[in-house]
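Asks: Take a look at upload-v7.cif, mmCIF, C-alpha atoms:
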data_protein
loop_
_atom_site.label_atom_id
_atom_site.label_comp_id
_atom_site.auth_asym_id
_atom_site.auth_seq_id
_atom_site.Cartn_x
_atom_site.Cartn_y
_atom_site.Cartn_z
CA MET U 99 3.06 200.93 49.64
CA LYS U 100 2.94 204.56 50.77
CA GLU U 101 0.48 206.97 49.14
CA ALA U 102 0.82 210.66 48.39
CA VAL U 103 -1.22 213.53 47.07
CA ILE U 104 1.00 215.45 44.66
CA LEU U 105 0.35 219.11 43.87
CA LEU U 106 0.69 218.77 40.10
CA SER U 107 0.82 222.23 38.57
CA GLY U 108 1.75 221.14 35.08
CA GLY U 109 5.27 222.53 35.46
CA MET U 110 8.57 220.66 35.43
CA ASP U 111 9.13 220.45 39.16
CA SER U 112 5.88 218.78 40.10
CA ALA U 113 6.09 216.49 37.04
CA THR U 114 9.48 215.35 38.30
CA LEU U 115 7.84 214.51 41.64
CA ILE U 116 6.07 211.66 39.86
CA GLY U 117 9.44 210.16 38.97
CA TYR U 118 10.54 210.59 42.57
CA CYS U 119 7.42 208.72 43.74
CA LEU U 120 8.00 205.86 41.30
CA GLU U 121 11.62 205.52 42.44
CA ASN U 122 10.53 205.48 46.09
CA GLU U 123 7.51 203.21 45.66
CA ILE U 124 4.96 205.87 46.55
CA GLN U 125 1.55 205.76 44.85
CA PRO U 126 0.68 209.29 43.62
CA HIS U 127 -2.76 210.91 43.52
CA CYS U 128 -2.39 213.98 41.31
CA LEU U 129 -4.15 217.17 42.40
CA ASN U 130 -4.19 220.26 40.22
CA ILE U 131 -5.57 223.44 41.77
CA ASN U 132 -6.45 226.40 39.59
CA TYR U 133 -6.19 229.40 41.90
CA GLY U 134 -6.97 231.89 39.16
CA GLN U 135 -3.82 231.87 37.06
CA LYS U 136 -4.27 233.85 33.88
CA HIS U 137 -4.07 230.86 31.55
CA GLN U 138 -5.35 227.29 31.32
CA ARG U 139 -2.26 225.96 29.57
CA GLU U 140 -0.67 224.71 32.82
CA ILE U 141 -3.82 222.83 33.79
CA ASP U 142 -3.97 221.05 30.43
CA SER U 143 -0.33 220.07 30.93
CA ALA U 144 -1.02 218.66 34.40
CA LYS U 145 -3.84 216.55 32.94
CA SER U 146 -1.63 215.24 30.12
CA ILE U 147 1.14 214.25 32.54
CA ALA U 148 -1.23 212.33 34.82
CA LYS U 149 -2.76 210.65 31.76
CA PHE U 150 0.69 209.71 30.45
CA TYR U 151 1.36 207.81 33.69
CA ASP U 152 -2.25 206.68 34.14
CA PHE U 153 -2.40 208.01 37.71
CA PRO U 154 -5.57 209.34 39.38
CA PHE U 155 -6.02 213.03 38.57
CA THR U 156 -8.29 215.59 40.21
CA SER U 157 -8.60 219.16 39.07
CA LEU U 158 -10.04 221.71 41.47
CA ASP U 159 -11.26 225.00 40.05
CA LEU U 160 -10.61 227.56 42.78
CA SER U 161 -10.34 230.42 40.30
CA ILE U 162 -13.06 232.19 42.29
CA ILE U 163 -10.37 232.87 44.90
CA ARG U 164 -8.65 235.26 42.52
CA GLY U 165 -10.72 238.19 43.70
CA LEU U 166 -9.47 237.78 47.25
CA LEU U 167 -5.79 237.36 46.49
CA SER U 168 -5.11 240.50 44.52
CA GLY U 169 -1.81 242.07 43.67
CA SER U 170 0.00 239.26 41.86
CA ALA U 171 1.03 239.28 38.17
CA LEU U 172 0.04 235.59 37.98
CA THR U 173 -3.59 236.28 38.74
CA ASP U 174 -4.12 239.99 38.04
CA ASP U 175 -3.84 242.36 35.13
CA ILE U 176 -0.25 243.27 35.89
CA ASP U 177 2.39 242.50 33.22
CA VAL U 178 4.46 239.39 33.89
CA PRO U 179 8.06 240.63 34.24
CA GLU U 180 10.56 239.64 31.54
CA GLY U 181 14.21 238.68 31.85
CA TYR U 182 16.15 236.86 34.49
CA TYR U 183 14.70 236.27 37.96
CA LYS U 184 15.46 239.29 40.06
CA HIS U 185 14.13 239.74 43.51
CA GLU U 186 12.27 243.00 43.10
CA THR U 187 10.71 242.39 39.69
CA MET U 188 9.72 238.80 40.40
CA LYS U 189 8.07 239.79 43.68
CA SER U 190 5.10 240.80 41.52
CA THR U 191 4.53 237.08 40.85
CA VAL U 192 4.06 236.29 44.54
CA VAL U 193 0.46 235.23 45.32
CA PRO U 194 -0.44 235.93 48.98
CA ASN U 195 -0.21 232.76 51.08
CA ARG U 196 -0.36 230.60 47.97
CA ASN U 197 1.43 227.50 49.14
CA ALA U 198 -0.34 227.53 52.51
CA ILE U 199 -3.65 227.47 50.64
CA LEU U 200 -2.59 224.78 48.15
CA LEU U 201 -0.96 222.58 50.80
CA SER U 202 -3.90 222.95 53.21
CA ILE U 203 -6.35 221.77 50.57
CA GLY U 204 -3.97 219.06 49.39
CA ALA U 205 -3.48 217.86 52.96
CA GLY U 206 -7.26 217.79 53.47
CA TYR U 207 -7.54 215.59 50.37
CA ALA U 208 -4.65 213.39 51.57
CA ILE U 209 -6.37 212.96 54.95
CA SER U 210 -9.63 211.95 53.21
CA LEU U 211 -7.69 209.34 51.26
CA LYS U 212 -5.78 208.29 54.39
CA ALA U 213 -2.61 208.87 52.39
CA ASP U 214 0.82 209.37 53.95
CA TYR U 215 2.10 212.50 52.28
CA ILE U 216 1.18 215.75 50.62
CA MET U 217 3.99 216.53 48.18
CA ILE U 218 5.10 219.78 46.59
CA GLY U 219 7.81 220.49 44.02
CA ALA U 220 9.26 223.54 45.82
CA HIS U 221 12.99 223.78 45.15
CA GLY U 222 16.08 225.73 46.16
CA GLY U 223 15.82 228.16 43.26
CA ASP U 224 12.48 229.39 44.62
CA HIS U 225 13.79 230.35 48.04
CA ASP U 226 15.03 233.81 47.23
CA ILE U 227 11.75 235.13 45.85
CA TYR U 228 9.07 232.93 47.36
CA PRO U 229 9.19 232.69 51.15
CA ASP U 230 6.49 229.99 51.01
CA CYS U 231 8.95 227.63 49.32
CA ARG U 232 11.36 227.57 52.27
CA ARG U 233 11.96 225.05 55.03
CA GLU U 234 11.17 227.75 57.64
CA PHE U 235 7.65 227.91 56.23
CA LEU U 236 7.09 224.22 55.48
CA GLU U 237 8.19 222.90 58.87
CA PRO U 238 5.69 224.78 61.07
CA LEU U 239 2.97 224.14 58.48
CA ASN U 240 3.69 220.42 58.76
CA ASP U 241 3.49 220.69 62.56
CA ALA U 242 0.14 222.47 62.28
CA PHE U 243 -1.33 219.83 59.95
CA ARG U 244 -0.21 217.01 62.25
CA GLU U 245 -1.58 218.74 65.35
CA GLY U 246 -4.82 219.71 63.65
CA ASN U 247 -5.97 216.32 62.38
CA TYR U 248 -6.61 212.80 63.62
CA HIS U 249 -5.03 211.20 60.58
CA LYS U 250 -1.40 212.31 60.27
CA VAL U 251 0.01 213.33 56.91
CA ASN U 252 3.44 214.80 56.31
CA ILE U 253 4.40 217.50 53.86
CA ARG U 254 7.21 216.30 51.64
CA ALA U 255 9.25 218.61 49.44
CA PRO U 256 12.04 216.30 48.25
CA PHE U 257 13.60 218.91 45.94
CA LEU U 258 13.88 221.59 48.61
CA TYR U 259 17.65 221.84 48.29
CA ASP U 260 17.86 221.11 44.55
CA THR U 261 18.49 223.71 41.90
CA LYS U 262 16.35 223.70 38.74
CA SER U 263 19.31 222.01 37.01
CA ASN U 264 19.34 219.24 39.65
CA ILE U 265 15.65 218.70 38.97
CA VAL U 266 16.22 218.31 35.23
CA GLN U 267 19.07 215.91 36.04
CA ARG U 268 16.65 213.82 38.12
CA GLY U 269 14.00 214.08 35.40
CA ILE U 270 16.37 212.70 32.75
CA LYS U 271 17.03 209.71 35.01
CA TYR U 272 13.30 209.26 35.60
CA ASN U 273 12.39 209.74 31.90
CA ILE U 274 9.92 212.51 32.68
CA PRO U 275 7.95 213.56 29.54
CA TYR U 276 9.06 217.20 29.75
CA GLU U 277 7.50 217.91 26.35
CA LEU U 278 4.15 217.71 28.18
CA THR U 279 5.05 220.20 30.90
CA TRP U 280 4.47 223.95 30.83
CA THR U 281 6.67 226.48 32.60
CA CYS U 282 6.03 229.80 30.84
CA TYR U 283 4.20 232.44 32.87
CA ASN U 284 2.38 233.50 29.70
CA GLY U 285 -0.19 231.19 28.13
CA GLY U 286 0.60 231.30 24.40
CA LYS U 287 0.58 228.37 21.95
CA LYS U 288 4.33 228.13 22.35
CA ALA U 289 6.39 229.12 25.40
CA CYS U 290 7.56 232.76 25.20
CA GLY U 291 11.21 232.05 26.04
CA LYS U 292 11.45 235.51 27.58
CA CYS U 293 9.80 235.46 31.00
CA GLY U 294 11.89 234.67 34.07
CA SER U 295 10.37 231.23 34.27
CA CYS U 296 11.27 230.28 30.65
CA ILE U 297 14.80 231.61 31.01
CA GLU U 298 15.37 229.57 34.15
CA ARG U 299 14.01 226.44 32.46
CA LEU U 300 16.14 226.83 29.34
CA GLU U 301 19.21 227.35 31.50
CA ALA U 302 18.49 224.18 33.50
CA PHE U 303 18.39 222.08 30.30
CA LYS U 304 21.53 223.78 28.97
CA ASN U 305 23.37 223.01 32.22
CA ASN U 306 22.52 219.34 31.69
CA GLY U 307 23.77 219.46 28.11
CA ILE U 308 20.44 218.51 26.54
CA GLU U 309 17.83 220.33 24.56
CA ASP U 310 14.46 221.29 26.04
CA PRO U 311 11.86 219.22 24.13
CA LEU U 312 9.33 222.08 24.42
CA GLU U 313 8.65 224.44 21.48
CA TYR U 314 9.51 228.11 21.97
CA GLU U 315 8.38 231.21 20.12
CA LYS U 316 11.93 232.09 19.15
CA MET J 251 -6.62 251.54 63.72
CA LYS J 252 -5.82 247.84 63.30
CA GLU J 253 -7.64 245.82 60.66
CA ALA J 254 -8.71 242.18 60.68
CA VAL J 255 -10.27 239.63 58.40
CA ILE J 256 -12.86 237.75 60.45
CA LEU J 257 -13.96 234.24 59.49
CA LEU J 258 -17.68 234.87 59.87
CA SER J 259 -19.51 231.56 59.70
CA GLY J 260 -22.90 232.86 60.73
CA GLY J 261 -22.65 231.14 64.10
CA MET J 262 -22.53 232.71 67.57
CA ASP J 263 -18.81 232.56 68.14
CA SER J 264 -17.71 234.42 65.04
CA ALA J 265 -20.56 236.93 65.46
CA THR J 266 -19.22 237.66 68.93
CA LEU J 267 -15.81 238.34 67.35
CA ILE J 268 -17.34 241.48 65.85
CA GLY J 269 -18.09 242.76 69.34
CA TYR J 270 -14.55 241.93 70.39
CA CYS J 271 -13.21 243.95 67.44
CA LEU J 272 -15.40 246.94 68.28
CA GLU J 273 -14.25 246.86 71.90
CA ASN J 274 -10.61 246.68 70.81
CA GLU J 275 -10.81 249.24 67.99
CA ILE J 276 -10.16 246.73 65.22
CA GLN J 277 -11.82 247.29 61.85
CA PRO J 278 -13.35 243.97 60.67
CA HIS J 279 -13.59 242.67 57.10
CA CYS J 280 -16.04 239.78 57.21
CA LEU J 281 -15.24 236.68 55.19
CA ASN J 282 -17.68 233.81 54.87
CA ILE J 283 -16.40 230.65 53.22
CA ASN J 284 -18.82 227.97 52.09
CA TYR J 285 -16.79 224.77 52.10
CA GLY J 286 -19.72 222.61 51.10
CA GLN J 287 -21.83 222.52 54.25
CA LYS J 288 -25.17 220.87 53.65
CA HIS J 289 -27.24 224.03 54.11
CA GLN J 290 -27.17 227.71 53.13
CA ARG J 291 -28.78 228.90 56.34
CA GLU J 292 -25.46 229.72 58.01
CA ILE J 293 -24.30 231.78 55.04
CA ASP J 294 -27.50 233.87 55.07
CA SER J 295 -26.92 234.47 58.76
CA ALA J 296 -23.36 235.63 58.18
CA LYS J 297 -24.59 238.09 55.57
CA SER J 298 -27.31 239.45 57.91
CA ILE J 299 -24.83 239.98 60.74
CA ALA J 300 -22.37 241.89 58.53
CA LYS J 301 -25.27 243.96 57.17
CA PHE J 302 -26.52 244.71 60.69
CA TYR J 303 -23.13 246.25 61.51
CA ASP J 304 -22.56 247.65 58.01
CA PHE J 305 -19.13 246.04 57.74
CA PRO J 306 -17.57 244.85 54.46
CA PHE J 307 -18.68 241.29 53.70
CA THR J 308 -17.27 238.81 51.21
CA SER J 309 -18.69 235.38 50.59
CA LEU J 310 -16.53 232.77 48.92
CA ASP J 311 -18.23 229.74 47.43
CA LEU J 312 -15.73 226.91 47.83
CA SER J 313 -18.45 224.26 47.87
CA ILE J 314 -16.61 222.56 45.00
CA ILE J 315 -14.08 221.42 47.61
CA ARG J 316 -16.66 219.11 49.11
CA GLY J 317 -15.73 216.27 46.78
CA LEU J 318 -12.16 216.27 48.06
CA LEU J 319 -12.92 216.42 51.77
CA SER J 320 -15.17 213.43 52.14
CA GLY J 321 -16.14 211.61 55.29
CA SER J 322 -17.72 214.40 57.35
CA ALA J 323 -21.38 214.61 58.41
CA LEU J 324 -21.27 218.38 57.76
CA THR J 325 -20.57 217.93 54.07
CA ASP J 326 -21.58 214.37 53.22
CA ASP J 327 -24.70 212.26 53.30
CA ILE J 328 -24.04 210.99 56.80
CA ASP J 329 -26.63 211.73 59.51
CA VAL J 330 -25.72 214.58 61.85
CA PRO J 331 -25.49 213.02 65.32
CA GLU J 332 -28.09 214.04 67.90
CA GLY J 333 -27.70 214.67 71.61
CA TYR J 334 -24.91 216.05 73.69
CA TYR J 335 -21.42 216.47 72.24
CA LYS J 336 -19.61 213.21 72.75
CA HIS J 337 -16.20 212.60 71.40
CA GLU J 338 -16.88 209.54 69.25
CA THR J 339 -20.21 210.58 67.77
CA MET J 340 -19.17 214.16 67.09
CA LYS J 341 -15.99 213.03 65.36
CA SER J 342 -18.19 212.47 62.32
CA THR J 343 -18.54 216.28 62.07
CA VAL J 344 -14.79 216.79 61.66
CA VAL J 345 -13.92 218.10 58.18
CA PRO J 346 -10.33 217.16 57.21
CA ASN J 347 -7.95 220.10 57.71
CA ARG J 348 -10.87 222.54 57.76
CA ASN J 349 -9.44 225.36 59.82
CA ALA J 350 -6.08 225.18 58.04
CA ILE J 351 -7.92 225.70 54.75
CA LEU J 352 -10.18 228.49 56.06
CA LEU J 353 -7.36 230.30 57.86
CA SER J 354 -4.98 229.98 54.88
CA ILE J 355 -7.49 231.59 52.56
CA GLY J 356 -8.43 234.18 55.17
CA ALA J 357 -4.78 235.02 55.76
CA GLY J 358 -4.23 235.37 51.99
CA TYR J 359 -7.13 237.84 51.92
CA ALA J 360 -5.77 239.67 54.98
CA ILE J 361 -2.36 239.95 53.28
CA SER J 362 -3.98 241.39 50.13
CA LEU J 363 -5.71 243.99 52.31
CA LYS J 364 -2.50 244.58 54.29
CA ALA J 365 -4.55 243.91 57.40
CA ASP J 366 -3.07 242.97 60.77
CA TYR J 367 -5.01 239.89 61.79
CA ILE J 368 -6.94 236.91 60.60
CA MET J 369 -9.46 236.10 63.33
CA ILE J 370 -11.32 232.92 64.16
CA GLY J 371 -13.97 232.21 66.79
CA ALA J 372 -12.45 228.89 67.96
CA HIS J 373 -13.14 228.37 71.66
CA GLY J 374 -12.30 226.08 74.53
CA GLY J 375 -15.41 223.95 74.10
CA ASP J 376 -14.15 222.90 70.65
CA HIS J 377 -10.83 221.53 71.87
CA ASP J 378 -11.94 218.07 72.82
CA ILE J 379 -13.42 217.14 69.44
CA TYR J 380 -11.71 219.44 66.95
CA PRO J 381 -7.91 219.35 67.08
CA ASP J 382 -7.80 222.27 64.63
CA CYS J 383 -9.31 224.56 67.29
CA ARG J 384 -6.37 224.14 69.69
CA ARG J 385 -3.40 226.33 70.48
CA GLU J 386 -1.04 223.50 69.48
CA PHE J 387 -2.43 223.78 65.96
CA LEU J 388 -2.87 227.56 65.72
CA GLU J 389 0.63 228.48 66.92
CA PRO J 390 2.65 226.63 64.27
CA LEU J 391 0.15 227.74 61.61
CA ASN J 392 0.75 231.33 62.65
CA ASP J 393 4.51 230.76 62.42
CA ALA J 394 4.08 229.30 58.93
CA PHE J 395 2.01 232.26 57.69
CA ARG J 396 4.54 234.74 59.05
CA GLU J 397 7.50 232.89 57.52
CA GLY J 398 5.74 232.37 54.21
CA ASN J 399 4.76 235.93 53.37
CA TYR J 400 6.31 239.38 53.04
CA HIS J 401 3.40 241.09 54.77
CA LYS J 402 2.97 239.69 58.28
CA VAL J 403 -0.47 238.85 59.60
CA ASN J 404 -1.21 237.15 62.90
CA ILE J 405 -3.88 234.60 63.63
CA ARG J 406 -6.00 235.73 66.55
CA ALA J 407 -8.41 233.47 68.38
CA PRO J 408 -9.41 235.62 71.36
CA PHE J 409 -11.95 233.09 72.70
CA LEU J 410 -9.52 230.16 72.73
CA TYR J 411 -9.88 229.64 76.47
CA ASP J 412 -13.52 230.66 76.75
CA THR J 413 -16.40 228.27 77.16
CA LYS J 414 -19.52 228.72 75.06
CA SER J 415 -21.13 230.30 78.16
CA ASN J 416 -18.25 232.82 78.41
CA ILE J 417 -18.86 233.74 74.78
CA VAL J 418 -22.57 234.39 75.41
CA GLN J 419 -21.54 236.45 78.44
CA ARG J 420 -19.30 238.56 76.20
CA GLY J 421 -22.02 238.76 73.56
CA ILE J 422 -24.55 240.15 76.04
CA LYS J 423 -22.06 242.87 76.95
CA TYR J 424 -21.41 243.60 73.26
CA ASN J 425 -25.13 243.52 72.35
CA ILE J 426 -24.58 240.93 69.62
CA PRO J 427 -27.79 240.31 67.60
CA TYR J 428 -27.89 236.59 68.39
CA GLU J 429 -31.33 236.32 66.78
CA LEU J 430 -29.49 236.66 63.44
CA THR J 431 -27.00 233.86 64.12
CA TRP J 432 -27.39 230.20 63.22
CA THR J 433 -25.86 227.34 65.18
CA CYS J 434 -27.90 224.26 64.25
CA TYR J 435 -26.11 221.62 62.20
CA ASN J 436 -29.34 221.01 60.32
CA GLY J 437 -30.72 223.65 57.96
CA GLY J 438 -34.44 223.79 58.76
CA LYS J 439 -36.61 226.92 59.00
CA LYS J 440 -36.21 226.79 62.76
CA ALA J 441 -33.26 225.38 64.70
CA CYS J 442 -33.78 221.69 65.54
CA GLY J 443 -32.90 221.99 69.23
CA LYS J 444 -31.66 218.41 69.19
CA CYS J 445 -28.24 218.30 67.52
CA GLY J 446 -25.11 218.64 69.66
CA SER J 447 -24.62 222.17 68.44
CA CYS J 448 -28.15 223.35 69.44
CA ILE J 449 -27.91 221.68 72.84
CA GLU J 450 -24.62 223.39 73.56
CA ARG J 451 -26.02 226.77 72.50
CA LEU J 452 -29.17 226.45 74.61
CA GLU J 453 -27.07 225.48 77.61
CA ALA J 454 -24.81 228.51 77.15
CA PHE J 455 -27.81 230.87 77.25
CA LYS J 456 -29.30 229.02 80.24
CA ASN J 457 -25.99 229.35 82.12
CA ASN J 458 -26.20 233.11 81.59
CA GLY J 459 -29.78 233.19 82.85
CA ILE J 460 -31.24 234.56 79.62
CA GLU J 461 -33.38 233.16 76.85
CA ASP J 462 -31.97 232.38 73.42
CA PRO J 463 -33.69 234.83 71.00
CA LEU J 464 -33.64 232.18 68.23
CA GLU J 465 -36.75 230.16 67.37
CA TYR J 466 -36.61 226.39 67.91
CA GLU J 467 -38.71 223.59 66.51
CA LYS J 468 -39.75 222.47 69.97
#
The structure given in the file should be rewritten as structure tokens.
Replies:
Amino acid sequence: MKEAVILLSGGMDSATLIGYCLENEIQPHCLNINYGQKHQREIDSAKSIAKFYDFPFTSLDLSIIRGLLSGSALTDDIDVPEGYYKHETMKSTVVPNRNAILLSIGAGYAISLKADYIMIGAHGGDHDIYPDCRREFLEPLNDAFREGNYHKVNIRAPFLYDTKSNIVQRGIKYNIPYELTWTCYNGGKKACGKCGSCIERLEAFKNNGIEDPLEYEK
Amino acid sequence: MKEAVILLSGGMDSATLIGYCLENEIQPHCLNINYGQKHQREIDSAKSIAKFYDFPFTSLDLSIIRGLLSGSALTDDIDVPEGYYKHETMKSTVVPNRNAILLSIGAGYAISLKADYIMIGAHGGDHDIYPDCRREFLEPLNDAFREGNYHKVNIRAPFLYDTKSNIVQRGIKYNIPYELTWTCYNGGKKACGKCGSCIERLEAFKNNGIEDPLEYEK
């Protein structure tokens, strides 16, 4: 059986990765990395998802890194933009070199475990805004990891050409407990339903003709 | 004037990078990352070197990562091998994906600063043991960082084809305060003079016909 470290953020995409692993007979080791996001809600969600499946879960508190990676609305005191994803407004949610940092640490962990893969839930909908969710970024990073280590792991991003709606479609098939996931960029008791991330999520459920099991503020 | 984030470990190679920057009119921002090495001695050295030059210095305590990256003599309770660098014995000092992690974080910091380079003191003598000190690793990593971010930084490893002796030769020209640097894998009051790292350092000074200003146990 193959083994993978999964970057489990607590969001829908990485939760759906677990279903992908089960379908493909890959044993997941869940890794949540807190890189200084403004709220803990996502981390609690990641923990609940791993617990639901009874898979190994490791949480790494790298929030100290926040001071170095300034300028993002996800880690700094800049307002999270509302409304539909638009290139210029959502650029404020870009964290410098984020996925390189997360994947490097995840790959290091995968190498320690002698696992086969480091997996990330990057998907097609991310490409426009986040350059570190594109094939052109992931391929050379994979080459670097393979060249730079004795034990070879591969980066896998199985949803790279999926839309958010495709991911929900997969998740329905896999029976992913989406009520445990957290997508909202704000960290309230209920999801705000207004930030770009919530709007995209709600749309993905609507496109699949089912209701999002998560509670929203309005 | 160009700007660079320098990965300043406290060792000779990265200290010599400062001289390289001064010669090439690059403004350095010193970044020390503690990834869970067994001793603090190196970190104190990094701080002293930055202070000597009065350059900005940031220390990032990532020692929490140690639990994930097991299996290395530099972070775990495995004896540091003595004697001359030999492939098989020194392999125990390899930390999984280390330079990918350090360079990813350093590049994130460089992007936040809108700097031009992230610099590392990797040199030719490292190639045999550490695959993450080779061109074949650094080139695709550089491609990944450039593809994955809006602001473009480049990885620079100006000593990549230098031997340790070449580095000391440069350092003499640059007047690097080598008495402030720390090379020993062990963290005693004085350098042990016996580990692979000390032996290599002593040899590099000998090859340049000068005495190492550092104090040794014997």
Asks: For the provided coordinates, the residues matched by the PyMOL selection byres ((chain J and resi 404) around 12) should be stated as a PyMOL selection string.
Replies: chain J and resi 252-256+353-354+356-358+360-361+364-370+388-397+399+401-403+405-408
Asks: Between U:Lys292, U:Gln267, U:Phe235, U:Ile116, which one has atoms that come closest to U:Gly307, using all atoms listed in the file?
Replies: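 Closest residue, counting all atoms listed in the file: U:Gln267.
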Asks: With distances taken over only C-alpha atoms, which residue among J:Gly421, J:Gly437, J:Pro427, J:Pro381 lies nearest chain U?
Replies: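 Distance minimum relative to chain U lands on J:Pro381.
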Asks: So, with only C-alpha atoms as the atoms that count, which of U:Ala289, U:Val192, U:Leu160, U:Ala144 lies closest to U:Thr114?
Replies: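 Closest to U:Thr114 of all the choices is U:Ala144.
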Asks: Within 7 Å of stretch 279-289 of chain J, counting all atoms listed in the file, which residues qualify if same-chain residues fewer than 4 places away don't, as a list in words?
Replies: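 My reading of the contact set: Ala254, Val255, Ile256, Leu257, Leu258, Ser259, Ile293, Ala296, Ala300, Phe305, Pro306, Phe307, Thr308, Ser309, Leu310, Asp311, Leu312, Ser313, Ile314, Ile315, Arg316, Leu324, Thr325 and Gly437 of chain J.
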Asks: Excluding same-chain residues fewer than 5 positions from U:Asn306, what lies within 9 Å of it counting only C-alpha atoms, as a ChimeraX atom specification?
Replies: /U:263-264,266-267,301
Asks: Quick one: write out the picked residues with C-alpha atoms as a compact mmCIF listing (two decimals), keeping the file's coordinate frame?
Replies:
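Output file again.txt follows:
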# COMPACT_ATOMS: atom_id res chain seq x y z
CA SER U 263 19.31 222.01 37.01
CA ASN U 264 19.34 219.24 39.65
CA VAL U 266 16.22 218.31 35.23
CA GLN U 267 19.07 215.91 36.04
CA GLU U 301 19.21 227.35 31.50
Asks: Point out the residue among U:Tyr207, U:Tyr272, U:Tyr314, U:Tyr151 with the least atom-to-atom distance to chain J, counting only C-alpha atoms.
Replies: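 Looking only at the distances to chain J, the closest residue turns out to be U:Tyr207.
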Asks: For the file shown, report as a PyMOL selection string the outcome of the PyMOL selection byres ((chain U and resi 310) around 9) at residue level.
Replies: chain U and resi 276-277+299-300+302-304+308-309+311-313
Asks: Please check which residues have atoms at most 7 Å from (9.1, 223.0, 33.9) in the file's coordinates, counting only C-alpha atoms, and write them as a short mmCIF file (atom, residue, chain, number, x, y, z; two decimals) with C-alpha atoms, keeping the file's coordinate frame.
Replies:
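Contents of point_7.cif, as written:
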data_model
loop_
_atom_site.label_atom_id
_atom_site.label_comp_id
_atom_site.auth_asym_id
_atom_site.auth_seq_id
_atom_site.Cartn_x
_atom_site.Cartn_y
_atom_site.Cartn_z
CA GLY U 109 5.27 222.53 35.46
CA MET U 110 8.57 220.66 35.43
CA ASP U 111 9.13 220.45 39.16
CA THR U 279 5.05 220.20 30.90
CA TRP U 280 4.47 223.95 30.83
CA THR U 281 6.67 226.48 32.60
CA ARG U 299 14.01 226.44 32.46
#
Asks: Which residue out of J:Cys383, J:Ala265, J:Leu319, J:Val345 has the minimum interatomic distance to J:Ile299 when all atoms listed in the file are used?
Replies: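 For J:Ile299, the nearest of the candidates is J:Ala265.
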Asks: Report, in Å to a single decimal, how far apart atom CA of U:Leu258 and atom CA of U:Arg233 are.
Replies: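 Taking atom CA of U:Arg233 as the start and atom CA of U:Leu258 as the end point, the length is 7.5 Å.
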Asks: Taking into account all atoms listed in the file, which residue in the set J:Gln277, J:Ser295, J:Ala372, J:Phe409 is nearest to J:Cys434?
Replies: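 With all atoms listed in the file as the atom set, the closest residue is J:Ser295.
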Asks: Using Å and a single decimal, report how far atom CA of U:Gly291 sits from atom CA of U:Tyr259.
Replies: 25.3 Å
Asks: What is the atom CA of J:Ile351 to atom CA of J:Leu318 distance in Å?
Replies: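 Between atom CA of J:Ile351 and atom CA of J:Leu318 the gap is 12.3 Å.
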